[in-house]
Amino acid sequence: MIRVVKPGLLTTVQDLGRPGYQQYGIVVGGALDAFAARTANLILGNEDNAAVIEMAQTGPDLTFAEDTLVAWCGADFDAQLGGQPLPRDRAVRVAAGETVSFGFPRSGLRAWLAVAGGVEVPLVLGSRSTYRRAGIGGHQGRPLVAGDELKVGQPSGRAITLLGSLGAAARRAAGWTVRPETLGRQAALGTVRAMRGPEWAWFTREAQQAFFSAEWEATKEADRMGVRLQGPVLALLKPREMISSAVNTGVVQVPAAGQPIVLLPSRQSVGGYPRIAALAAADLGRITQLRPGDRVRFQEITLPVAHELWLARERDISRIRLGLARQAG
Amino acid sequence: MQITPLGDAALVLELGDNIDESTHRRVQTAWRSLAAAPLPGVSELVPAYTTVTVFYDPWLAVQAGAPESGIADWLTGVVRDRLKNPPKMEKARARTVEIPVCYGGDFGPDLGLVAKQAKLAPEEVIKRHAKAAYLVYLIGFAPGFPYLGGLPKELATPRHARPRMVVPPGSVGIAGNQTGIYPLSTPGGWNLIGRTPLRLFQPAEDPPALLRAGDQVKFRAITAEEFARLEAAR
């Protein structure tokens with residue numbers, strides 16, 4: 001059992017989302033940085049899709065009722081356990097009754113906390129992700145509030161073994177960590193790779209050049225659906241009516257005002273704005289860390305290159321999984 | 001038919017340039033053919049007015065045999081093959097779904113406004129709205145929200161310049177030449193002419209939506225008493 005002492009700004013239970021229902025207008029949602037959530041789970045020997053706790057800007061204080069292991073990935077929150085720093089990207093033992101507090105990130109915006117066995121909330125339409133607008137999934141279909149109690153699932157055999165050995169040695173954290181460079185954190189706010197979108201040819205040459213050369217500033221208009229960026233106005237060659245069609249996470253839409261919006265996992269299933277570009281999924285985690293005022297540039301790549309990046313990331317996951325299995329064995 | 005990439009995890013089949021019934025039928029046929037059996041690496045198919053979008057995972061496509069350097073081309077070939085040789089399917093039978101609506105009053109605060117700009121009596125607006133046959137082109141915007149075609153032209157009414165902060169679930173509205181039903185309580189700018197006691201979004205069911213793309217919809221005018229009875233019975 002996890003008890004929410006302080007909820008933080010926007011703390012929700014998320015897994016890898018609710019695919020398969022977009023034809024009914026239901027958003028995919030899920031952890032905004034799926035790779036970070038998977039890594040946190042991997043460290044604990046959880047399933048990739050186990051539910052984690054997503055936090056943004058101000059993290060929660062959580063009390064654990066039983067001895068367990070936790071791991072967190074994402075922005076560098078000032079996380080503490082019993083007055084000591086709670087290291088990131090590592091399996092850490094938490095004793096019954098102890099409280100983990102996350103505070104604020106020094107840079108970036110969001111982090112994902114996994115617990116051995118996963119957060120146990122009911123599956124709704126195949127997912128444990130909180131879908132706030134529809135009021136379903138997660139804990140009672142809403143962000144966490146003080147006093148909420150979350151059940152925890154059955155830890156893997158590996159987690160139980162590791163918890164036992166850390167406890168016997170009176171140690172907090174496992175000796176091994178996941179290399180930060182594997183997590184793609186080093187370029188958190190730098191350059192994001194992107195492909196031309198379906199309506200690329202609708203834009204003026206100046207707009208096309210500006211998209212891939214300008215520095216874009218993240219605005220306050222940002223949530224789990226998308227981030228609006230500010231920079232040069234991206235104009236169409238001529239006004240054109242677009243017929244609504246499906247969109248995907250990472251797609252960059254440009255409404256009439258000419259300022260782009262990057263769509264995130266809780267985006268709607270269809271959209272009606274011209275799509276100038278689509279970000280490489282491998283770089284999407286960086287967008288989820290942008291704070292208002294942070295800057296980002298886009299670098300053009302081709303679809304085969306984006307696929308190479310995707311495959312390389314999956315290989316990273318496989319390597320981490322193998323490496324950890326050896327460590328724990 | 002064109003197939004174009006949308007980012008690194010989706011392909012878009014383009015089946016027309018206009019919102020019309022013949023394009024809609026092509027979309028439905030393609031969607032049904034693709035959905036009839038699993039496609040390698042494909043997680044989800046989303047039909048819209050003129051497109052079917054195929055969501056895929058490049059890693060799973062490679063596990064299923066796609067060459068690493070040409071994943072999208074390989075999957076495009078798989079999709080084209082499927083469309084050329086669709087598996088045996090049951091004949092498509094359009095479902096007709098009747099939606100009971102209590103028009104006007106508190107349930108339809110904009111009925112008078114729609115009537116005024118159509119230069120019709122409110123009763124005549126109700127008659128014409130309930131008499132028309134509608135087609136669900138797609139579900140989107142909110143869970144279970146249908147984009148319906150078939151609104152009689154004279155009932156077309158521009159949306160409110162200032163959207164309402166709260167539109168109650170079940171509200172039937174008109175925006176331009178579209179009519180639709182709000183499944184959830186949301187802000188919204190449509191002209192509200194009535195409300196249905198049916199639930200359009202039912203998360204405990206699978207499928208979780210009352211309507212799906214391709215359905216025919218008929219509205220039936222009901223009294224406030226019948227509304228109360230149906231609402232209590234659901």
# chains A, B, ... in the order shown; residues from 1 in each chain; ligands from 1
call {"tool": "residues_around", "arguments": {"residues": "stretch 229-234 of chain B", "least_positions_apart": "2", "cutoff": "10 Å", "atoms": "only C-alpha atoms", "output": "NGL selection string"}}
result
:B and (100 or 196-199 or 223-227)
call {"tool": "write_last_selection", "arguments": {"atoms": "N, CA and C atoms", "output": "PDB file, in the first residue's frame"}}
result
ATOM      1  N   PRO B 100     -33.376   8.450 -28.947  1.00  0.00           N
ATOM      2  CA  PRO B 100     -34.508   9.247 -28.458  1.00  0.00           C
ATOM      3  C   PRO B 100     -34.004  10.589 -27.936  1.00  0.00           C
ATOM      4  N   THR B 196     -30.488  13.496 -25.214  1.00  0.00           N
ATOM      5  CA  THR B 196     -30.872  12.088 -25.185  1.00  0.00           C
ATOM      6  C   THR B 196     -30.530  11.485 -23.829  1.00  0.00           C
ATOM      7  N   PRO B 197     -31.379  10.577 -23.340  1.00  0.00           N
ATOM      8  CA  PRO B 197     -31.033   9.897 -22.082  1.00  0.00           C
ATOM      9  C   PRO B 197     -30.044   8.748 -22.294  1.00  0.00           C
ATOM     10  N   LEU B 198     -29.738   8.420 -23.548  1.00  0.00           N
ATOM     11  CA  LEU B 198     -28.806   7.299 -23.786  1.00  0.00           C
ATOM     12  C   LEU B 198     -27.384   7.714 -23.430  1.00  0.00           C
ATOM     13  N   ARG B 199     -26.585   6.725 -23.040  1.00  0.00           N
ATOM     14  CA  ARG B 199     -25.163   6.960 -22.791  1.00  0.00           C
ATOM     15  C   ARG B 199     -24.395   6.678 -24.074  1.00  0.00           C
ATOM     16  N   THR B 223     -40.989  12.799 -25.052  1.00  0.00           N
ATOM     17  CA  THR B 223     -41.436  13.771 -24.050  1.00  0.00           C
ATOM     18  C   THR B 223     -40.484  13.770 -22.859  1.00  0.00           C
ATOM     19  N   ALA B 224     -40.614  14.768 -22.011  1.00  0.00           N
ATOM     20  CA  ALA B 224     -39.790  14.842 -20.793  1.00  0.00           C
ATOM     21  C   ALA B 224     -40.067  13.643 -19.892  1.00  0.00           C
ATOM     22  N   GLU B 225     -41.322  13.135 -19.894  1.00  0.00           N
ATOM     23  CA  GLU B 225     -41.660  11.956 -19.074  1.00  0.00           C
ATOM     24  C   GLU B 225     -40.904  10.731 -19.582  1.00  0.00           C
ATOM     25  N   GLU B 226     -40.915  10.567 -20.918  1.00  0.00           N
ATOM     26  CA  GLU B 226     -40.214   9.410 -21.473  1.00  0.00           C
ATOM     27  C   GLU B 226     -38.707   9.530 -21.219  1.00  0.00           C
ATOM     28  N   PHE B 227     -38.187  10.746 -21.314  1.00  0.00           N
ATOM     29  CA  PHE B 227     -36.768  10.987 -21.019  1.00  0.00           C
ATOM     30  C   PHE B 227     -36.454  10.488 -19.609  1.00  0.00           C
TER      31      PHE B 227
END
call {"tool": "interface_residues", "arguments": {"of": "chain A", "to": "chain B", "cutoff": "8 Å", "atoms": "only C-alpha atoms", "output": "ChimeraX atom specification"}}
result
/A:19-20,22-27,124-125,134,136,195-198,243-248,250-251,268-270,277-281,303-304,306-308,310-311,314
call {"tool": "select_by_dssp", "arguments": {"residues": "stretch 144-213 of chain A", "states": "alpha helix (DSSP H)", "output": "list in words"}}
result
Gly157, Arg158, Ala159, Ile160, Thr161, Leu162, Leu163, Gly164, Ser165, Leu166, Gly167, Ala168, Arg205, Glu206, Ala207, Gln208, Gln209, Ala210, Phe211, Phe212 and Ser213 of chain A
call {"tool": "write_last_selection", "arguments": {"atoms": "N, CA and C atoms", "output": "PDB file, in the first residue's frame"}}
result
ATOM      1  N   GLY A 157      10.041 -12.278  -8.803  1.00  0.00           N
ATOM      2  CA  GLY A 157      11.002 -13.041  -8.004  1.00  0.00           C
ATOM      3  C   GLY A 157      12.323 -12.298  -7.864  1.00  0.00           C
ATOM      4  N   ARG A 158      12.719 -11.645  -8.960  1.00  0.00           N
ATOM      5  CA  ARG A 158      13.982 -10.907  -8.943  1.00  0.00           C
ATOM      6  C   ARG A 158      13.931  -9.758  -7.946  1.00  0.00           C
ATOM      7  N   ALA A 159      12.785  -9.062  -7.905  1.00  0.00           N
ATOM      8  CA  ALA A 159      12.651  -7.939  -6.966  1.00  0.00           C
ATOM      9  C   ALA A 159      12.718  -8.450  -5.525  1.00  0.00           C
ATOM     10  N   ILE A 160      12.075  -9.582  -5.275  1.00  0.00           N
ATOM     11  CA  ILE A 160      12.065 -10.130  -3.911  1.00  0.00           C
ATOM     12  C   ILE A 160      13.486 -10.510  -3.477  1.00  0.00           C
ATOM     13  N   THR A 161      14.226 -11.163  -4.390  1.00  0.00           N
ATOM     14  CA  THR A 161      15.616 -11.537  -4.093  1.00  0.00           C
ATOM     15  C   THR A 161      16.457 -10.307  -3.792  1.00  0.00           C
ATOM     16  N   LEU A 162      16.316  -9.292  -4.643  1.00  0.00           N
ATOM     17  CA  LEU A 162      17.123  -8.078  -4.483  1.00  0.00           C
ATOM     18  C   LEU A 162      16.760  -7.363  -3.172  1.00  0.00           C
ATOM     19  N   LEU A 163      15.469  -7.304  -2.879  1.00  0.00           N
ATOM     20  CA  LEU A 163      15.027  -6.666  -1.637  1.00  0.00           C
ATOM     21  C   LEU A 163      15.635  -7.387  -0.433  1.00  0.00           C
ATOM     22  N   GLY A 164      15.649  -8.711  -0.499  1.00  0.00           N
ATOM     23  CA  GLY A 164      16.223  -9.507   0.585  1.00  0.00           C
ATOM     24  C   GLY A 164      17.704  -9.224   0.760  1.00  0.00           C
ATOM     25  N   SER A 165      18.440  -9.180  -0.356  1.00  0.00           N
ATOM     26  CA  SER A 165      19.894  -9.012  -0.224  1.00  0.00           C
ATOM     27  C   SER A 165      20.248  -7.602   0.232  1.00  0.00           C
ATOM     28  N   LEU A 166      19.477  -6.591  -0.230  1.00  0.00           N
ATOM     29  CA  LEU A 166      19.738  -5.219   0.239  1.00  0.00           C
ATOM     30  C   LEU A 166      19.432  -5.112   1.732  1.00  0.00           C
ATOM     31  N   GLY A 167      18.332  -5.749   2.154  1.00  0.00           N
ATOM     32  CA  GLY A 167      17.936  -5.690   3.562  1.00  0.00           C
ATOM     33  C   GLY A 167      18.985  -6.341   4.443  1.00  0.00           C
ATOM     34  N   ALA A 168      19.507  -7.496   4.017  1.00  0.00           N
ATOM     35  CA  ALA A 168      20.498  -8.243   4.798  1.00  0.00           C
ATOM     36  C   ALA A 168      21.779  -7.433   4.953  1.00  0.00           C
ATOM     37  N   ARG A 205       7.845  28.463 -48.430  1.00  0.00           N
ATOM     38  CA  ARG A 205       9.255  28.085 -48.325  1.00  0.00           C
ATOM     39  C   ARG A 205       9.873  28.678 -47.053  1.00  0.00           C
ATOM     40  N   GLU A 206       9.453  29.923 -46.733  1.00  0.00           N
ATOM     41  CA  GLU A 206       9.980  30.570 -45.520  1.00  0.00           C
ATOM     42  C   GLU A 206       9.565  29.756 -44.286  1.00  0.00           C
ATOM     43  N   ALA A 207       8.326  29.301 -44.283  1.00  0.00           N
ATOM     44  CA  ALA A 207       7.844  28.525 -43.134  1.00  0.00           C
ATOM     45  C   ALA A 207       8.615  27.213 -43.028  1.00  0.00           C
ATOM     46  N   GLN A 208       8.836  26.577 -44.157  1.00  0.00           N
ATOM     47  CA  GLN A 208       9.559  25.296 -44.150  1.00  0.00           C
ATOM     48  C   GLN A 208      10.976  25.493 -43.605  1.00  0.00           C
ATOM     49  N   GLN A 209      11.628  26.577 -44.075  1.00  0.00           N
ATOM     50  CA  GLN A 209      12.994  26.837 -43.593  1.00  0.00           C
ATOM     51  C   GLN A 209      12.988  27.194 -42.116  1.00  0.00           C
ATOM     52  N   ALA A 210      12.006  28.016 -41.732  1.00  0.00           N
ATOM     53  CA  ALA A 210      11.949  28.472 -40.339  1.00  0.00           C
ATOM     54  C   ALA A 210      11.735  27.284 -39.399  1.00  0.00           C
ATOM     55  N   PHE A 211      10.909  26.342 -39.825  1.00  0.00           N
ATOM     56  CA  PHE A 211      10.609  25.241 -38.913  1.00  0.00           C
ATOM     57  C   PHE A 211      11.883  24.517 -38.494  1.00  0.00           C
ATOM     58  N   PHE A 212      12.772  24.275 -39.470  1.00  0.00           N
ATOM     59  CA  PHE A 212      13.980  23.508 -39.155  1.00  0.00           C
ATOM     60  C   PHE A 212      15.196  24.386 -38.827  1.00  0.00           C
ATOM     61  N   SER A 213      15.028  25.725 -38.753  1.00  0.00           N
ATOM     62  CA  SER A 213      16.198  26.533 -38.387  1.00  0.00           C
ATOM     63  C   SER A 213      15.938  27.384 -37.141  1.00  0.00           C
TER      64      SER A 213
END
call {"tool": "select_by_dssp", "arguments": {"residues": "stretch 146-208 of chain A", "states": "strand (DSSP E)", "output": "list in words"}}
result
Glu149, Leu150, Lys151, Val152, Thr191, Val192, Arg193, Ala194, Met195 and Arg196 of chain A
call {"tool": "residues_around", "arguments": {"residues": "stretch 118-131 of chain B", "least_positions_apart": "2", "cutoff": "9 Å", "atoms": "only C-alpha atoms", "output": "VMD selection string"}}
result
chain B and resid 101 103 to 104 111 to 116 133 151 to 152 154 to 157 193 218 to 221
call {"tool": "residues_around", "arguments": {"residues": "A:Gly153", "least_positions_apart": "5", "cutoff": "9 Å", "atoms": "only C-alpha atoms", "output": "list in words"}}
result
Val115, Ala116, Gly117, Gly118, Val119, Glu120 and Val121 of chain A
call {"tool": "atom_distance", "arguments": {"atom1": "atom CA of A:Leu237", "atom2": "atom CA of A:Tyr273"}}
result
14.5 Å
call {"tool": "atom_distance", "arguments": {"atom1": "atom CA of A:Ala170", "atom2": "atom CA of A:Val152"}}
result
23.3 Å
call {"tool": "closest_residue", "arguments": {"among": "A:Ala222, A:Leu234, A:Leu264, A:Val254", "to": "A:Gly293", "atoms": "only C-alpha atoms"}}
result
A:Ala222
call {"tool": "atom_distance", "arguments": {"atom1": "atom CA of A:Thr249", "atom2": "atom CA of A:Leu16"}}
result
12.9 Å
call {"tool": "residues_around", "arguments": {"residues": "B:Pro158", "least_positions_apart": "5", "cutoff": "10 Å", "atoms": "only C-alpha atoms", "output": "list in words"}}
result
Val114, Gln117, Ile174, Ala175, Gly176, Asn177, Gln178, Gly189, Trp190 and Asn191 of chain B
call {"tool": "residues_around", "arguments": {"residues": "A:Leu150", "least_positions_apart": "6", "cutoff": "10 Å", "atoms": "only C-alpha atoms", "output": "list in words"}}
result
Met1, Ile2, Arg3, Val4, Val13, Phe64, Val119, Glu120, Val121, Gly138, His139 and Leu144 of chain A
call {"tool": "closest_residue", "arguments": {"among": "B:Leu39, B:Arg195, B:Leu135, B:Pro187", "to": "B:Arg95", "atoms": "only C-alpha atoms"}}
result
B:Leu135
call {"tool": "residues_around", "arguments": {"residues": "B:Val217", "least_positions_apart": "3", "cutoff": "6 Å", "atoms": "only C-alpha atoms", "output": "PDB file with all heavy atoms, in the first residue's frame"}}
result
ATOM      1  N   THR B  96     -28.652   0.482 -37.850  1.00  0.00           N
ATOM      2  CA  THR B  96     -29.402   1.712 -37.663  1.00  0.00           C
ATOM      3  C   THR B  96     -29.664   1.849 -36.166  1.00  0.00           C
ATOM      4  O   THR B  96     -30.167   0.934 -35.535  1.00  0.00           O
ATOM      5  CB  THR B  96     -30.728   1.696 -38.428  1.00  0.00           C
ATOM      6  OG1 THR B  96     -30.430   1.546 -39.818  1.00  0.00           O
ATOM      7  CG2 THR B  96     -31.486   2.994 -38.223  1.00  0.00           C
ATOM      8  N   VAL B  97     -29.233   2.978 -35.618  1.00  0.00           N
ATOM      9  CA  VAL B  97     -29.381   3.198 -34.180  1.00  0.00           C
ATOM     10  C   VAL B  97     -30.365   4.344 -33.981  1.00  0.00           C
ATOM     11  O   VAL B  97     -30.209   5.420 -34.568  1.00  0.00           O
ATOM     12  CB  VAL B  97     -28.024   3.539 -33.528  1.00  0.00           C
ATOM     13  CG1 VAL B  97     -28.184   3.726 -32.026  1.00  0.00           C
ATOM     14  CG2 VAL B  97     -26.997   2.459 -33.829  1.00  0.00           C
ATOM     15  N   GLU B  98     -31.405   4.077 -33.182  1.00  0.00           N
ATOM     16  CA  GLU B  98     -32.374   5.127 -32.915  1.00  0.00           C
ATOM     17  C   GLU B  98     -31.992   5.850 -31.629  1.00  0.00           C
ATOM     18  O   GLU B  98     -31.705   5.210 -30.612  1.00  0.00           O
ATOM     19  CB  GLU B  98     -33.765   4.512 -32.761  1.00  0.00           C
ATOM     20  CG  GLU B  98     -34.844   5.573 -32.722  1.00  0.00           C
ATOM     21  CD  GLU B  98     -36.200   4.983 -32.377  1.00  0.00           C
ATOM     22  OE1 GLU B  98     -36.435   4.698 -31.186  1.00  0.00           O
ATOM     23  OE2 GLU B  98     -36.994   4.798 -33.301  1.00  0.00           O
ATOM     24  N   TYR B 134     -29.202  10.070 -40.778  1.00  0.00           N
ATOM     25  CA  TYR B 134     -27.839  10.540 -40.568  1.00  0.00           C
ATOM     26  C   TYR B 134     -26.854   9.385 -40.695  1.00  0.00           C
ATOM     27  O   TYR B 134     -27.198   8.218 -40.456  1.00  0.00           O
ATOM     28  CB  TYR B 134     -27.689  11.173 -39.184  1.00  0.00           C
ATOM     29  CG  TYR B 134     -28.601  12.351 -38.975  1.00  0.00           C
ATOM     30  CD1 TYR B 134     -29.874  12.193 -38.424  1.00  0.00           C
ATOM     31  CD2 TYR B 134     -28.198  13.629 -39.341  1.00  0.00           C
ATOM     32  CE1 TYR B 134     -30.713  13.273 -38.241  1.00  0.00           C
ATOM     33  CE2 TYR B 134     -29.032  14.717 -39.157  1.00  0.00           C
ATOM     34  CZ  TYR B 134     -30.288  14.540 -38.610  1.00  0.00           C
ATOM     35  OH  TYR B 134     -31.121  15.615 -38.431  1.00  0.00           O
TER      36      TYR B 134
END
call {"tool": "decode", "arguments": {"residues": "stretch 138-149 of chain B", "atoms": "all heavy atoms", "output": "compact mmCIF listing (two decimals), in the first residue's frame"}}
result
# COMPACT_ATOMS: atom_id res chain seq x y z
N LEU B 138 -17.40 9.50 -38.53
CA LEU B 138 -16.32 9.07 -37.65
C LEU B 138 -16.67 9.41 -36.21
O LEU B 138 -17.60 10.17 -35.95
CB LEU B 138 -14.98 9.71 -38.01
CG LEU B 138 -14.81 11.21 -37.79
CD1 LEU B 138 -13.41 11.50 -37.28
CD2 LEU B 138 -15.01 11.95 -39.10
N ILE B 139 -15.93 8.79 -35.30
CA ILE B 139 -16.06 9.07 -33.87
C ILE B 139 -14.75 9.74 -33.46
O ILE B 139 -13.67 9.23 -33.76
CB ILE B 139 -16.23 7.77 -33.06
CG1 ILE B 139 -17.40 6.93 -33.59
CG2 ILE B 139 -16.37 8.06 -31.58
CD1 ILE B 139 -18.77 7.39 -33.22
N GLY B 140 -14.85 10.88 -32.80
CA GLY B 140 -13.62 11.57 -32.39
C GLY B 140 -13.96 12.74 -31.50
O GLY B 140 -15.11 12.86 -31.07
N PHE B 141 -13.01 13.59 -31.23
CA PHE B 141 -13.12 14.78 -30.39
C PHE B 141 -13.26 14.39 -28.92
O PHE B 141 -12.54 14.90 -28.08
CB PHE B 141 -14.28 15.68 -30.84
CG PHE B 141 -14.61 16.77 -29.86
CD1 PHE B 141 -13.70 17.79 -29.60
CD2 PHE B 141 -15.81 16.77 -29.15
CE1 PHE B 141 -13.99 18.78 -28.69
CE2 PHE B 141 -16.10 17.76 -28.23
CZ PHE B 141 -15.19 18.76 -28.01
N ALA B 142 -14.19 13.51 -28.61
CA ALA B 142 -14.37 13.02 -27.23
C ALA B 142 -14.79 11.56 -27.33
O ALA B 142 -15.24 11.13 -28.40
CB ALA B 142 -15.42 13.86 -26.52
N PRO B 143 -14.67 10.78 -26.24
CA PRO B 143 -15.05 9.37 -26.32
C PRO B 143 -16.51 9.21 -26.76
O PRO B 143 -17.41 9.74 -26.12
CB PRO B 143 -14.88 8.86 -24.89
CG PRO B 143 -14.05 9.87 -24.19
CD PRO B 143 -14.21 11.16 -24.92
N GLY B 144 -16.74 8.52 -27.88
CA GLY B 144 -18.08 8.24 -28.35
C GLY B 144 -18.76 9.39 -29.08
O GLY B 144 -19.92 9.27 -29.44
N PHE B 145 -18.06 10.50 -29.33
CA PHE B 145 -18.66 11.65 -30.01
C PHE B 145 -18.78 11.39 -31.50
O PHE B 145 -17.78 11.23 -32.18
CB PHE B 145 -17.82 12.91 -29.77
CG PHE B 145 -18.42 14.16 -30.35
CD1 PHE B 145 -19.17 15.02 -29.57
CD2 PHE B 145 -18.23 14.49 -31.69
CE1 PHE B 145 -19.72 16.18 -30.10
CE2 PHE B 145 -18.79 15.64 -32.22
CZ PHE B 145 -19.53 16.49 -31.43
N PRO B 146 -20.02 11.33 -32.06
CA PRO B 146 -20.17 11.04 -33.48
C PRO B 146 -20.17 12.30 -34.34
O PRO B 146 -20.84 13.28 -34.00
CB PRO B 146 -21.56 10.37 -33.54
CG PRO B 146 -22.33 11.02 -32.43
CD PRO B 146 -21.31 11.44 -31.37
N TYR B 147 -19.42 12.30 -35.43
CA TYR B 147 -19.55 13.32 -36.46
C TYR B 147 -20.59 12.82 -37.44
O TYR B 147 -20.35 11.84 -38.14
CB TYR B 147 -18.22 13.55 -37.17
CG TYR B 147 -17.19 14.29 -36.35
CD1 TYR B 147 -16.35 13.62 -35.47
CD2 TYR B 147 -17.04 15.68 -36.48
CE1 TYR B 147 -15.40 14.30 -34.73
CE2 TYR B 147 -16.09 16.35 -35.73
CZ TYR B 147 -15.27 15.66 -34.86
OH TYR B 147 -14.32 16.33 -34.14
N LEU B 148 -21.77 13.46 -37.44
CA LEU B 148 -22.89 12.98 -38.25
C LEU B 148 -23.04 13.82 -39.51
O LEU B 148 -22.97 15.05 -39.45
CB LEU B 148 -24.19 13.07 -37.44
CG LEU B 148 -24.28 12.22 -36.17
CD1 LEU B 148 -25.53 12.57 -35.40
CD2 LEU B 148 -24.27 10.75 -36.54
N GLY B 149 -23.26 13.16 -40.64
CA GLY B 149 -23.62 13.85 -41.87
C GLY B 149 -25.10 13.65 -42.11
O GLY B 149 -25.67 12.66 -41.66
